[in-house]
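One file, work-v1.txt, is given below (compact mmCIF, C-alpha atoms).
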```txt
# COMPACT_ATOMS: atom_id res chain seq x y z
CA MET A 1 34.14 -46.91 10.69
CA MET A 2 31.44 -45.23 8.62
CA GLY A 3 30.78 -46.53 5.10
CA PRO A 4 31.30 -44.44 1.97
CA ARG A 5 28.85 -41.82 0.87
CA VAL A 6 26.61 -42.39 -2.10
CA PRO A 7 27.71 -39.71 -4.60
CA GLU A 8 25.82 -36.59 -3.62
CA THR A 9 23.50 -35.56 -6.43
CA SER A 10 20.36 -34.58 -4.55
CA ASP A 11 18.78 -31.59 -2.96
CA VAL A 12 16.32 -33.82 -1.09
CA VAL A 13 16.36 -37.44 0.05
CA ILE A 14 12.99 -39.11 0.62
CA ILE A 15 12.78 -42.10 2.96
CA GLY A 16 9.92 -44.24 1.69
CA GLY A 17 8.74 -45.18 -1.79
CA GLY A 18 5.02 -45.67 -1.25
CA VAL A 19 2.25 -43.53 -2.67
CA ILE A 20 3.19 -40.59 -0.41
CA GLY A 21 6.93 -40.77 -1.07
CA CYS A 22 6.47 -41.14 -4.83
CA ALA A 23 3.87 -38.39 -4.98
CA ILE A 24 6.30 -36.06 -3.21
CA ALA A 25 9.18 -37.07 -5.50
CA HIS A 26 7.02 -36.39 -8.54
CA ARG A 27 5.91 -32.98 -7.27
CA LEU A 28 9.47 -31.96 -6.38
CA ALA A 29 10.71 -33.12 -9.78
CA VAL A 30 8.08 -30.94 -11.48
CA ARG A 31 9.66 -28.04 -9.59
CA GLY A 32 13.14 -29.06 -10.73
CA VAL A 33 14.33 -30.32 -7.34
CA ARG A 34 16.91 -33.13 -7.53
CA THR A 35 15.60 -35.97 -5.40
CA THR A 36 16.77 -39.39 -4.17
CA VAL A 37 14.15 -41.92 -3.03
CA VAL A 38 15.31 -44.63 -0.61
CA ASP A 39 12.97 -47.61 -0.36
CA ALA A 40 13.38 -51.01 1.29
CA GLY A 41 11.17 -52.85 -1.22
CA GLN A 42 12.36 -54.65 -4.33
CA ARG A 43 10.11 -52.24 -6.20
CA LEU A 44 8.31 -49.07 -5.26
CA GLY A 45 4.99 -49.27 -3.45
CA LEU A 46 5.19 -52.65 -1.74
CA GLY A 47 4.11 -51.35 1.67
CA ALA A 48 0.75 -49.95 2.74
CA SER A 49 0.19 -48.56 -0.76
CA ASP A 50 0.04 -52.07 -2.19
CA ALA A 51 -2.61 -53.07 0.34
CA ALA A 52 -4.91 -50.04 0.20
CA MET A 53 -8.59 -50.36 -0.74
CA GLY A 54 -8.58 -47.38 -3.09
CA GLY A 55 -11.33 -45.13 -1.81
CA ILE A 56 -10.62 -41.42 -2.28
CA LEU A 57 -12.59 -40.41 0.77
CA THR A 58 -14.23 -37.13 1.64
CA GLN A 59 -16.59 -38.14 4.46
CA THR A 60 -16.70 -41.92 4.98
CA GLU A 61 -13.68 -41.96 7.29
CA PRO A 62 -14.43 -40.08 10.55
CA ALA A 63 -10.97 -38.47 10.46
CA CYS A 64 -12.01 -36.67 7.25
CA LEU A 65 -14.50 -34.64 9.26
CA GLY A 66 -13.56 -31.79 11.57
CA PRO A 67 -10.26 -29.89 11.15
CA LEU A 68 -8.91 -32.22 8.45
CA SER A 69 -11.83 -31.52 6.10
CA VAL A 70 -10.14 -28.47 4.55
CA VAL A 71 -7.06 -30.57 3.76
CA VAL A 72 -9.24 -33.34 2.30
CA LYS A 73 -11.08 -30.76 0.18
CA ARG A 74 -7.85 -29.45 -1.29
CA SER A 75 -6.67 -32.96 -2.11
CA ARG A 76 -9.99 -33.88 -3.74
CA ASP A 77 -9.82 -30.73 -5.86
CA LEU A 78 -6.27 -31.58 -6.96
CA TYR A 79 -6.98 -35.19 -7.88
CA PRO A 80 -8.06 -34.91 -11.56
CA LEU A 81 -5.15 -32.65 -12.53
CA TRP A 82 -2.69 -34.74 -10.50
CA LEU A 83 -3.73 -37.99 -12.17
CA GLY A 84 -3.47 -36.27 -15.54
CA GLU A 85 0.09 -35.14 -14.83
CA VAL A 86 1.11 -38.62 -13.71
CA ALA A 87 -0.50 -40.20 -16.78
CA GLU A 88 1.26 -37.78 -19.11
CA ILE A 89 4.68 -38.77 -17.78
CA SER A 90 4.03 -42.48 -17.19
CA GLY A 91 1.75 -43.28 -20.12
CA ILE A 92 -0.53 -45.13 -17.66
CA ARG A 93 -4.10 -43.94 -17.24
CA VAL A 94 -5.62 -44.63 -13.83
CA PRO A 95 -9.35 -45.44 -14.18
CA VAL A 96 -11.47 -43.58 -11.60
CA LEU A 97 -14.99 -44.46 -10.52
CA ASN A 98 -16.82 -41.22 -9.74
CA GLY A 99 -20.23 -42.46 -8.58
CA GLY A 100 -19.55 -41.67 -4.94
CA ASP A 101 -19.94 -43.74 -1.78
CA ILE A 102 -23.22 -45.13 -0.48
CA GLN A 103 -23.33 -45.60 3.30
CA VAL A 104 -26.37 -47.64 4.28
CA ALA A 105 -28.13 -48.74 7.45
CA LEU A 106 -29.45 -52.28 7.90
CA ASP A 107 -31.73 -51.44 10.82
CA GLU A 108 -33.54 -48.46 12.31
CA ALA A 109 -31.05 -48.05 15.15
CA GLU A 110 -28.18 -47.58 12.70
CA MET A 111 -30.26 -45.21 10.58
CA GLU A 112 -30.97 -43.13 13.66
CA ARG A 113 -27.25 -43.06 14.47
CA LEU A 114 -26.44 -41.84 10.96
CA GLU A 115 -29.13 -39.16 11.11
CA THR A 116 -28.37 -37.83 14.60
CA LYS A 117 -24.63 -38.43 15.02
CA VAL A 118 -23.09 -38.54 11.56
CA LEU A 119 -25.28 -36.38 9.31
CA PRO A 120 -24.60 -33.15 11.26
CA ARG A 121 -20.86 -33.68 10.78
CA TRP A 122 -21.35 -34.42 7.08
CA LYS A 123 -23.33 -31.21 6.71
CA ASN A 124 -20.51 -29.26 8.35
CA SER A 125 -17.99 -30.60 5.82
CA PRO A 126 -17.36 -28.88 2.46
CA PHE A 127 -18.91 -31.80 0.55
CA ALA A 128 -22.42 -32.74 -0.53
CA VAL A 129 -24.55 -35.42 1.11
CA GLU A 130 -27.86 -36.85 -0.16
CA ARG A 131 -30.38 -38.80 1.92
CA LEU A 132 -31.53 -42.13 0.45
CA THR A 133 -34.61 -44.19 1.18
CA ALA A 134 -34.28 -47.96 1.07
CA ALA A 135 -35.77 -47.88 -2.44
CA ASP A 136 -33.33 -45.15 -3.48
CA ALA A 137 -30.35 -47.17 -2.27
CA ARG A 138 -31.45 -50.34 -4.04
CA SER A 139 -32.19 -48.36 -7.19
CA LEU A 140 -28.57 -47.20 -7.20
CA GLU A 141 -27.22 -50.65 -6.30
CA PRO A 142 -29.83 -53.40 -6.89
CA LEU A 143 -27.72 -56.09 -5.19
CA LEU A 144 -27.96 -54.42 -1.78
CA SER A 145 -29.63 -56.49 0.93
CA GLU A 146 -33.37 -56.31 1.44
CA ARG A 147 -32.49 -55.45 5.04
CA VAL A 148 -31.35 -51.96 4.01
CA VAL A 149 -33.68 -49.38 5.57
CA GLY A 150 -32.02 -46.27 4.17
CA GLY A 151 -28.73 -44.47 3.88
CA PHE A 152 -26.82 -41.59 2.37
CA LEU A 153 -24.95 -40.91 -0.85
CA LEU A 154 -21.62 -39.09 -0.60
CA PRO A 155 -21.39 -38.14 -4.27
CA GLU A 156 -17.93 -36.54 -4.33
CA GLU A 157 -16.03 -39.62 -3.19
CA LEU A 158 -13.98 -41.43 -5.83
CA ALA A 159 -12.47 -44.90 -6.09
CA LEU A 160 -9.51 -46.36 -7.97
CA ASP A 161 -7.20 -49.37 -7.94
CA PRO A 162 -4.20 -48.46 -5.76
CA ARG A 163 -1.98 -50.91 -7.64
CA VAL A 164 -2.67 -49.13 -10.92
CA LEU A 165 -2.07 -45.76 -9.26
CA MET A 166 1.19 -47.02 -7.79
CA ALA A 167 2.30 -48.45 -11.15
CA ALA A 168 1.69 -45.08 -12.78
CA LEU A 169 3.50 -43.18 -10.03
CA ALA A 170 6.45 -45.57 -10.01
CA THR A 171 6.75 -45.38 -13.78
CA ALA A 172 6.70 -41.59 -13.62
CA VAL A 173 9.35 -41.56 -10.90
CA LEU A 174 11.56 -44.03 -12.81
CA SER A 175 10.98 -42.52 -16.24
CA GLY A 176 14.35 -40.81 -16.51
CA SER A 177 12.65 -37.62 -17.65
CA THR A 178 12.76 -36.20 -14.13
CA PRO A 179 15.65 -35.46 -11.72
CA ILE A 180 14.85 -38.44 -9.48
CA ARG A 181 17.19 -41.23 -8.43
CA VAL A 182 15.74 -44.35 -6.79
CA LEU A 183 17.62 -46.67 -4.43
CA SER A 184 15.42 -49.80 -4.20
CA ALA A 185 15.92 -52.78 -1.88
CA VAL A 186 17.88 -50.42 0.38
CA ARG A 187 16.83 -50.00 3.98
CA ALA A 188 17.42 -46.68 5.71
CA THR A 189 18.58 -47.23 9.29
CA GLY A 190 19.25 -43.74 10.59
CA LEU A 191 18.91 -40.04 9.90
CA ARG A 192 21.27 -37.30 11.02
CA THR A 193 20.54 -33.63 10.67
CA GLY A 194 22.63 -30.52 11.13
CA PRO A 195 22.70 -26.86 10.13
CA ARG A 196 24.20 -27.68 6.72
CA GLY A 197 22.15 -30.67 5.68
CA VAL A 198 21.16 -34.25 6.38
CA GLU A 199 22.68 -37.68 6.11
CA VAL A 200 20.72 -40.93 5.77
CA GLU A 201 22.46 -44.09 6.90
CA LEU A 202 21.76 -47.25 4.88
CA HIS A 203 21.80 -50.88 6.02
CA ASP A 204 24.89 -51.66 3.91
CA GLY A 205 26.99 -48.95 5.55
CA ARG A 206 26.59 -46.36 2.82
CA ARG A 207 25.30 -42.87 3.45
CA VAL A 208 23.20 -40.48 1.38
CA SER A 209 23.76 -36.76 1.89
CA ALA A 210 21.37 -34.01 0.87
CA GLU A 211 20.28 -30.55 1.86
CA GLN A 212 16.93 -31.78 3.22
CA ALA A 213 15.16 -35.03 4.04
CA VAL A 214 11.51 -36.07 3.86
CA VAL A 215 10.36 -38.94 6.09
CA ALA A 216 7.52 -40.78 4.34
CA ALA A 217 8.29 -44.25 5.69
CA GLY A 218 4.75 -45.21 6.66
CA HIS A 219 4.35 -47.03 9.97
CA LEU A 220 8.17 -47.18 10.29
CA SER A 221 8.54 -43.40 10.27
CA GLY A 222 9.04 -43.31 14.03
CA VAL A 223 12.52 -44.79 13.52
CA PHE A 224 13.53 -41.47 11.97
CA LEU A 225 11.29 -39.17 14.01
CA PRO A 226 12.27 -39.79 17.64
CA ARG A 227 10.14 -36.97 19.03
CA HIS A 228 7.03 -38.51 17.46
CA ARG A 229 7.81 -42.18 17.93
CA ASP A 230 5.22 -42.53 20.70
CA HIS A 231 2.50 -41.08 18.46
CA LEU A 232 3.01 -43.35 15.45
CA PHE A 233 1.90 -46.97 15.19
CA PRO A 234 0.79 -49.58 12.64
CA ILE A 235 -2.86 -50.29 11.92
CA LYS A 236 -3.31 -53.69 10.33
CA GLY A 237 -5.96 -54.15 7.68
CA VAL A 238 -6.97 -57.39 5.94
CA ALA A 239 -8.96 -57.48 2.69
CA PHE A 240 -9.56 -59.63 -0.36
CA ASP A 241 -11.09 -59.31 -3.78
CA VAL A 242 -13.93 -61.15 -5.49
CA ARG A 243 -15.13 -61.25 -9.06
CA PRO A 244 -18.74 -61.71 -10.19
CA PRO A 245 -18.87 -64.45 -12.85
CA GLY A 246 -18.24 -62.92 -16.28
CA ALA A 247 -17.55 -59.40 -15.02
CA VAL A 248 -15.02 -57.47 -17.13
CA THR A 249 -15.76 -53.91 -16.01
CA TYR A 250 -17.15 -52.15 -12.93
CA PRO A 251 -19.70 -54.54 -11.40
CA LEU A 252 -20.98 -51.81 -9.05
CA ARG A 253 -21.41 -48.10 -9.73
CA HIS A 254 -20.43 -46.92 -6.25
CA HIS A 255 -18.26 -47.97 -3.39
CA ILE A 256 -20.41 -49.08 -0.48
CA PHE A 257 -19.93 -49.02 3.29
CA ALA A 258 -21.94 -50.00 6.35
CA GLU A 259 -21.55 -50.39 10.09
CA ILE A 260 -23.37 -53.48 11.31
CA THR A 261 -23.92 -54.96 14.77
CA GLU A 262 -24.99 -58.62 14.95
CA ASP A 263 -24.95 -60.89 17.97
CA GLY A 264 -22.96 -58.34 19.92
CA ARG A 265 -20.22 -58.07 17.26
CA GLU A 266 -19.45 -55.12 15.01
CA TYR A 267 -18.74 -55.44 11.29
CA PHE A 268 -17.58 -52.76 8.87
CA PRO A 269 -18.06 -54.16 5.35
CA TYR A 270 -16.63 -52.03 2.57
CA LEU A 271 -16.90 -52.86 -1.14
CA VAL A 272 -14.79 -51.02 -3.73
CA PRO A 273 -15.37 -51.98 -7.38
CA ARG A 274 -12.45 -52.19 -9.80
CA HIS A 275 -12.38 -51.27 -13.47
CA ASP A 276 -11.52 -54.86 -14.51
CA GLY A 277 -14.55 -56.51 -12.89
CA ARG A 278 -13.19 -57.29 -9.45
CA VAL A 279 -14.53 -55.92 -6.18
CA ALA A 280 -12.17 -55.31 -3.27
CA VAL A 281 -13.87 -56.16 0.01
CA GLY A 282 -12.76 -55.49 3.54
CA VAL A 283 -11.57 -54.28 5.78
CA THR A 284 -10.30 -54.98 9.30
CA TYR A 285 -8.81 -52.35 11.60
CA GLU A 286 -6.31 -53.54 14.20
CA GLU A 287 -4.29 -50.85 15.94
CA ASN A 288 -0.74 -51.64 17.09
CA VAL A 289 -0.67 -54.92 15.18
CA GLY A 290 2.49 -55.07 13.10
CA ASP A 291 2.31 -58.37 11.21
CA VAL A 292 0.83 -58.89 7.75
CA THR A 293 -0.56 -62.39 8.21
CA VAL A 294 -3.90 -62.94 6.49
CA THR A 295 -5.85 -64.85 9.12
CA THR A 296 -8.89 -67.06 8.65
CA ALA A 297 -10.65 -65.11 11.40
CA ALA A 298 -10.17 -61.82 9.59
CA ILE A 299 -11.43 -63.22 6.29
CA GLU A 300 -14.48 -64.67 8.02
CA GLU A 301 -15.18 -61.34 9.76
CA ILE A 302 -15.18 -59.56 6.40
CA ARG A 303 -17.25 -62.27 4.74
CA ARG A 304 -19.95 -62.06 7.43
CA GLY A 305 -20.22 -58.31 7.03
CA VAL A 306 -20.41 -58.54 3.24
CA ALA A 307 -23.05 -61.29 3.44
CA ALA A 308 -25.24 -58.98 5.51
CA LEU A 309 -24.69 -55.95 3.28
CA MET A 310 -24.78 -57.59 -0.16
CA PRO A 311 -25.57 -61.32 0.06
CA LYS A 312 -24.81 -62.05 -3.59
CA ALA A 313 -21.29 -60.62 -3.25
CA ALA A 314 -20.52 -63.12 -0.50
CA THR A 315 -20.95 -65.93 -3.06
CA TRP A 316 -18.54 -64.52 -5.67
CA PRO A 317 -15.21 -66.39 -6.10
CA VAL A 318 -12.39 -65.06 -3.94
CA GLY A 319 -9.16 -63.99 -5.61
CA ARG A 320 -6.22 -62.21 -4.03
CA ARG A 321 -6.08 -61.89 -0.24
CA TRP A 322 -3.83 -59.36 1.45
CA ALA A 323 -2.92 -57.53 4.62
CA GLY A 324 -1.23 -54.17 4.99
CA LEU A 325 -0.07 -51.81 7.71
CA ARG A 326 -1.51 -48.32 7.65
CA PRO A 327 0.67 -45.62 9.25
CA GLY A 328 -1.43 -44.56 12.22
CA SER A 329 -1.10 -41.40 14.29
CA ALA A 330 -2.47 -40.63 17.74
CA ASP A 331 -5.30 -38.44 16.41
CA HIS A 332 -5.62 -40.22 13.02
CA MET A 333 -4.50 -37.13 11.11
CA PRO A 334 -1.29 -36.86 9.06
CA ILE A 335 1.90 -35.35 10.40
CA ILE A 336 3.26 -32.91 7.82
CA GLY A 337 5.93 -30.34 8.64
CA HIS A 338 9.42 -29.66 9.90
CA VAL A 339 10.43 -31.78 12.88
CA ASP A 340 14.09 -30.93 13.59
CA ASP A 341 15.86 -27.94 15.10
CA HIS A 342 17.58 -27.05 11.84
CA GLY A 343 14.60 -27.00 9.51
CA ARG A 344 16.10 -29.77 7.40
CA VAL A 345 13.72 -32.68 8.05
CA VAL A 346 10.09 -32.75 6.93
CA ALA A 347 7.69 -35.42 8.16
CA ALA A 348 5.01 -36.72 5.80
CA THR A 349 3.43 -39.65 7.59
CA GLY A 350 0.65 -40.79 9.92
CA HIS A 351 -2.08 -40.73 7.27
CA SER A 352 -3.99 -43.51 9.08
CA GLY A 353 -5.59 -45.06 6.00
CA LEU A 354 -5.95 -41.79 4.07
CA GLY A 355 -2.68 -42.05 2.14
CA VAL A 356 -4.31 -42.49 -1.26
CA THR A 357 -6.86 -39.78 -0.44
CA LEU A 358 -4.28 -37.23 0.71
CA ALA A 359 -1.35 -38.00 -1.62
CA PRO A 360 -1.83 -34.98 -3.93
CA VAL A 361 -2.15 -32.41 -1.15
CA THR A 362 0.65 -33.97 0.90
CA ALA A 363 2.96 -33.70 -2.11
CA GLU A 364 1.93 -30.10 -2.67
CA LEU A 365 2.48 -29.10 0.97
CA VAL A 366 5.82 -30.87 1.30
CA ALA A 367 7.04 -29.31 -1.94
CA ALA A 368 6.05 -25.90 -0.62
CA LEU A 369 8.00 -26.52 2.60
CA VAL A 370 11.09 -27.85 0.84
CA THR A 371 11.21 -24.99 -1.65
CA ARG A 372 10.13 -22.45 0.96
CA THR A 373 7.26 -21.20 -1.21
CA ALA A 374 4.29 -21.86 1.09
CA ASP A 375 1.54 -19.30 0.63
CA ALA A 376 -1.31 -18.41 2.99
CA ARG A 377 -3.47 -21.29 1.76
CA ASP A 378 -0.63 -23.77 2.30
CA GLU A 379 0.01 -22.40 5.77
CA GLU A 380 -3.65 -22.89 6.70
CA LEU A 381 -3.50 -26.56 5.72
CA LEU A 382 -0.09 -27.10 7.29
CA ALA A 383 -1.42 -25.72 10.57
CA VAL A 384 -3.96 -28.58 10.68
CA CYS A 385 -1.24 -31.19 10.14
CA ARG A 386 1.55 -29.55 12.13
CA PRO A 387 3.75 -32.10 13.94
CA ASP A 388 3.94 -30.25 17.25
CA ARG A 389 0.20 -30.67 17.90
CA LEU A 390 0.89 -34.20 19.12
CA LEU A 391 3.75 -33.09 21.33
CA ALA A 392 1.39 -30.57 22.92
CA ARG A 393 -1.14 -33.34 23.62
CA ARG A 394 1.48 -35.34 25.52
CA SER A 395 2.55 -32.42 27.65
```

Please go through the file and, once you have read it, give me the structure as structure tokens.
Amino acid sequence: MMGPRVPETSDVVIIGGGVIGCAIAHRLAVRGVRTTVVDAGQRLGLGASDAAMGGILTQTEPACLGPLSVVVKRSRDLYPLWLGEVAEISGIRVPVLNGGDIQVALDEAEMERLETKVLPRWKNSPFAVERLTAADARSLEPLLSERVVGGFLLPEELALDPRVLMAALATAVLSGSTPIRVLSAVRATGLRTGPRGVEVELHDGRRVSAEQAVVAAGHLSGVFLPRHRDHLFPIKGVAFDVRPPGAVTYPLRHHIFAEITEDGREYFPYLVPRHDGRVAVGVTYEENVGDVTVTTAAIEEIRRGVAALMPKAATWPVGRRWAGLRPGSADHMPIIGHVDDHGRVVAATGHSGLGVTLAPVTAELVAALVTRTADARDEELLAVCRPDRLLARRS
């Protein structure tokens, strides 16, 4: 026998309380839409959002280039206003580092790859790129290795602490000043849709009814999106933070990335400075790995890459270590759009490590779909992220 319904007070139920789910709830609330957020964590944002590095990427991630670049551009343009809105409601200001990303090469072969393979794609994106000599790079970041032979500055990339962002978003969602109800420590187990609405089944036998549902459940979204289950998978990432002795504010002025090959092994060191003096360093990338164990091997892989890129940073005391599961998609682009026959279920998942980057635009697009107010600009961006593109690939 089915359990009782949770009293129906919502127009929309959102499955998932990470950065994407909370961003959507906030945007819908601004539009006056009554929303219920269902999240399995004891508090909001304990999934991939809690483990993110915090880069707001425009070009560093290959998926940002190509068709997704117009979506990334819209999200980057929205970011300052979005953070301001969240701060106004939550009272929490999210510090943002706006120096950009420096991608460097530690040998001539890597510099040639950047110039011939990557630079043309950067130039075709809607963002600036500046060539750096080795002296230029070390002038910007004096602690860079003497092995650096050159690189590029991506000046429009930003960086923030995802935990501070999530605290601000969660506070805004829970503030009581918006029409949002949160069901925490409640696991959604099923989703039914029909011509009149949706019903979300909970692990304790209760049900939540609403007119529409948004699936923003990260790497678990396939549970509720059967047509796309084969195209969604976890991507494990391990990282840790370090703190230079005595540092109390940003110890670096940029976030820094490199691709390094040594002794036949590839390393992808990434350093993201925090406003309180820490530096987040990472990160591993393991597709279809669903556990969050922080392994010694992963930590050593990161440490070796950091030692090559910025030797001094490899000596700084290690603090928190973590692992998270990014919601991957088959083509590493988000899935945003209606996915059921009744137009009642919207997917907002598959961001593949770009959740923090794309949170503002995802919220804007989902809100436009839910309220049926999408304009021509929204439709252009939604076409890039449309769910049926992956179904077409399979067929």

Closest atom pairs, residues of range 239-274 of chain A within 8 Å of range 134-151 of chain A, all atoms listed in the file, as a tab-separated table:
```
residue	atom	partner	partner_atom	distance
A:Leu252	CA	A:Glu141	CA	6.9
A:Arg253	CA	A:Glu141	CA	7.2
A:His254	CA	A:Glu141	CA	7.7
```

Residues from last step as file, C-alpha atoms, as a PDB file, in the coordinates of the input:
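Resulting contents of part.pdb:
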```pdb
ATOM      1  CA  LEU A 252     -20.980 -51.810  -9.050  1.00  0.00           C
ATOM      2  CA  ARG A 253     -21.410 -48.100  -9.730  1.00  0.00           C
ATOM      3  CA  HIS A 254     -20.430 -46.920  -6.250  1.00  0.00           C
TER       4      HIS A 254
END
```

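Distances to Leu369 in chain A were evaluated for A:Leu97, A:Gly282, A:Ala213, A:Ile256 using all atoms listed in the file, and the minimum falls at A:Ala213.
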
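Residues near the point (-3.1, -57.9, 4.6), at a distance of 7 Å or less over all atoms listed in the file, make up Ala51, Gly237, Val238, Ala239, Val292, Thr293, Val294, Arg321, Trp322, Ala323 and Gly324 of chain A.
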
Write out as a tab-separated table the residues of range 48-162 of chain A that have any atom within 12 Å of an atom of range 10-28 of chain A, one row each with the nearest atom pair and its distance in Å to one decimal, counting only C-alpha atoms, sorted by chain and then rising number.
```
residue	atom	partner	partner_atom	distance
A:Ala48	CA	A:Gly18	CA	7.2
A:Ser49	CA	A:Gly18	CA	5.6
A:Asp50	CA	A:Gly18	CA	8.2
A:Ala51	CA	A:Gly18	CA	10.7
A:Ala52	CA	A:Val19	CA	10.1
A:Gly54	CA	A:Val19	CA	11.5
A:Tyr79	CA	A:Ala23	CA	11.7
A:Trp82	CA	A:Ala23	CA	9.3
A:Leu83	CA	A:Ala23	CA	10.5
A:Glu85	CA	A:His26	CA	9.4
A:Val86	CA	A:His26	CA	8.2
A:Ala87	CA	A:His26	CA	11.8
A:Ile89	CA	A:His26	CA	9.8
A:Ser90	CA	A:His26	CA	11.0
A:Pro162	CA	A:Val19	CA	8.7
```

Next item on the list: Record the distance separating CA of Val38 in chain A and CA of Ala185 in chain A, expressed in Å with one decimal.
Entry: 8.3 Å

Item checked: Residue neighbourhood Leu391 in chain A, 10 Å, only C-alpha atoms, exclusion window fewer than 5 positions, as number ranges by chain -> A: 227-228, 230-231

Notebook entry, point to check: Which residues come within 9 Å of Ala63 in chain A, counting all atoms listed in the file, excluding same-chain residues fewer than 6 positions away, as a ChimeraX atom specification?
Noted result: /A:69,331-333,352,354

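The shortest atom-to-atom distance to Ala359 in chain A, with all atoms listed in the file taken into account, belongs to A:Met166 out of A:Ile302, A:Ile92, A:Val118, A:Met166.
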
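CA of Phe268 in chain A sits 21.5 Å away from CA of Gly66 in chain A.
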
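Across the model, the gap from CA of Ala280 in chain A to CA of Arg303 in chain A is 11.8 Å.
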
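Closest approach to Pro67 in chain A among A:His255, A:Arg181, A:Arg43, A:Arg386 is made by A:Arg386 (distances from all atoms listed in the file).
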
Next item on the list: Would you mind telling me which residue in A:Thr315, A:Gln212, A:Thr35, A:Thr116 lies nearest to Val346 in chain A when using all atoms listed in the file?
Entry: A:Gln212

For range 151-173 of chain A versus range 122-127 of chain A, which residues have an atom no more than 9 Å away, and what is each residue's nearest atom pair and distance in Å rounded to one decimal, using all atoms listed in the file, chain-then-number order, as JSON lines?
```
{"residue": "A:Leu154", "atom": "CA", "partner": "A:Phe127", "partner_atom": "CA", "distance": 7.9}
{"residue": "A:Pro155", "atom": "CA", "partner": "A:Phe127", "partner_atom": "CA", "distance": 8.3}
{"residue": "A:Glu156", "atom": "CA", "partner": "A:Phe127", "partner_atom": "CA", "distance": 6.9}
```

Dump C-alpha atoms for the selected residues as a PDB file, keeping the file's coordinate frame?
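The resulting result.pdb:
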```
ATOM      1  CA  LEU A 154     -21.620 -39.090  -0.600  1.00  0.00           C
ATOM      2  CA  PRO A 155     -21.390 -38.140  -4.270  1.00  0.00           C
ATOM      3  CA  GLU A 156     -17.930 -36.540  -4.330  1.00  0.00           C
TER       4      GLU A 156
END
```

Checklist line | Pick from A:Ser175, A:Thr36, A:Thr261, A:Ser75 nearest to Ala308 in chain A, counting only C-alpha atoms | finding: A:Thr261

Next item on the list: Quick one: residues within 10 Å of (-9.6, -64.3, -2.4) (file frame), counting all atoms listed in the file, please, as an NGL selection string.
Entry: :A and (239-243 or 280-281 or 299 or 316-322)

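When the distance limit is 9 Å and all atoms listed in the file are what count, the residues near Asp340 in chain A, minus those fewer than 6 positions from it on the same chain, are A:Thr193, A:Gly194, A:Leu225, A:Val346.
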
Notebook entry, point to check: Quick one: residues within 12 Å of Val71 in chain A, all atoms listed in the file counted, chain neighbours fewer than 2 positions away excluded, as a ChimeraX atom specification?
Noted result: /A:57-58,63-69,73-78,125-126,333-334,336,351,354,357-362,364-365,377-385

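The smallest atom-to-atom distance between Ala314 in chain A and any of A:Val345, A:Val279, A:Val94, A:Val72, using all atoms listed in the file, is found for A:Val279.
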
Reconstructed range 275-286 of chain A, atom set N, CA and C atoms, as a CSV table (one decimal), in the coordinates of the input:
```csv
chain,number,residue,atom,x,y,z
A,275,HIS,N,-12.1,-51.5,-12.1
A,275,HIS,CA,-12.4,-51.3,-13.5
A,275,HIS,C,-12.3,-52.6,-14.3
A,276,ASP,N,-11.7,-53.6,-13.8
A,276,ASP,CA,-11.5,-54.9,-14.5
A,276,ASP,C,-12.5,-55.9,-14.1
A,277,GLY,N,-13.5,-55.6,-13.3
A,277,GLY,CA,-14.6,-56.5,-12.9
A,277,GLY,C,-14.5,-57.1,-11.5
A,278,ARG,N,-13.3,-56.8,-10.8
A,278,ARG,CA,-13.2,-57.3,-9.4
A,278,ARG,C,-13.9,-56.3,-8.5
A,279,VAL,N,-14.1,-56.8,-7.3
A,279,VAL,CA,-14.5,-55.9,-6.2
A,279,VAL,C,-13.6,-56.2,-5.0
A,280,ALA,N,-13.0,-55.2,-4.5
A,280,ALA,CA,-12.2,-55.3,-3.3
A,280,ALA,C,-13.1,-55.2,-2.1
A,281,VAL,N,-13.0,-56.2,-1.2
A,281,VAL,CA,-13.9,-56.2,0.0
A,281,VAL,C,-13.0,-56.2,1.3
A,282,GLY,N,-13.5,-55.5,2.3
A,282,GLY,CA,-12.8,-55.5,3.5
A,282,GLY,C,-13.6,-54.7,4.5
A,283,VAL,N,-13.0,-54.2,5.5
A,283,VAL,CA,-11.6,-54.3,5.8
A,283,VAL,C,-11.5,-54.3,7.3
A,284,THR,N,-10.5,-55.0,7.8
A,284,THR,CA,-10.3,-55.0,9.3
A,284,THR,C,-9.5,-53.8,9.7
A,285,TYR,N,-9.5,-53.5,11.0
A,285,TYR,CA,-8.8,-52.4,11.6
A,285,TYR,C,-8.2,-52.7,13.0
A,286,GLU,N,-6.9,-53.0,13.0
A,286,GLU,CA,-6.3,-53.5,14.2
A,286,GLU,C,-5.1,-52.6,14.6
```
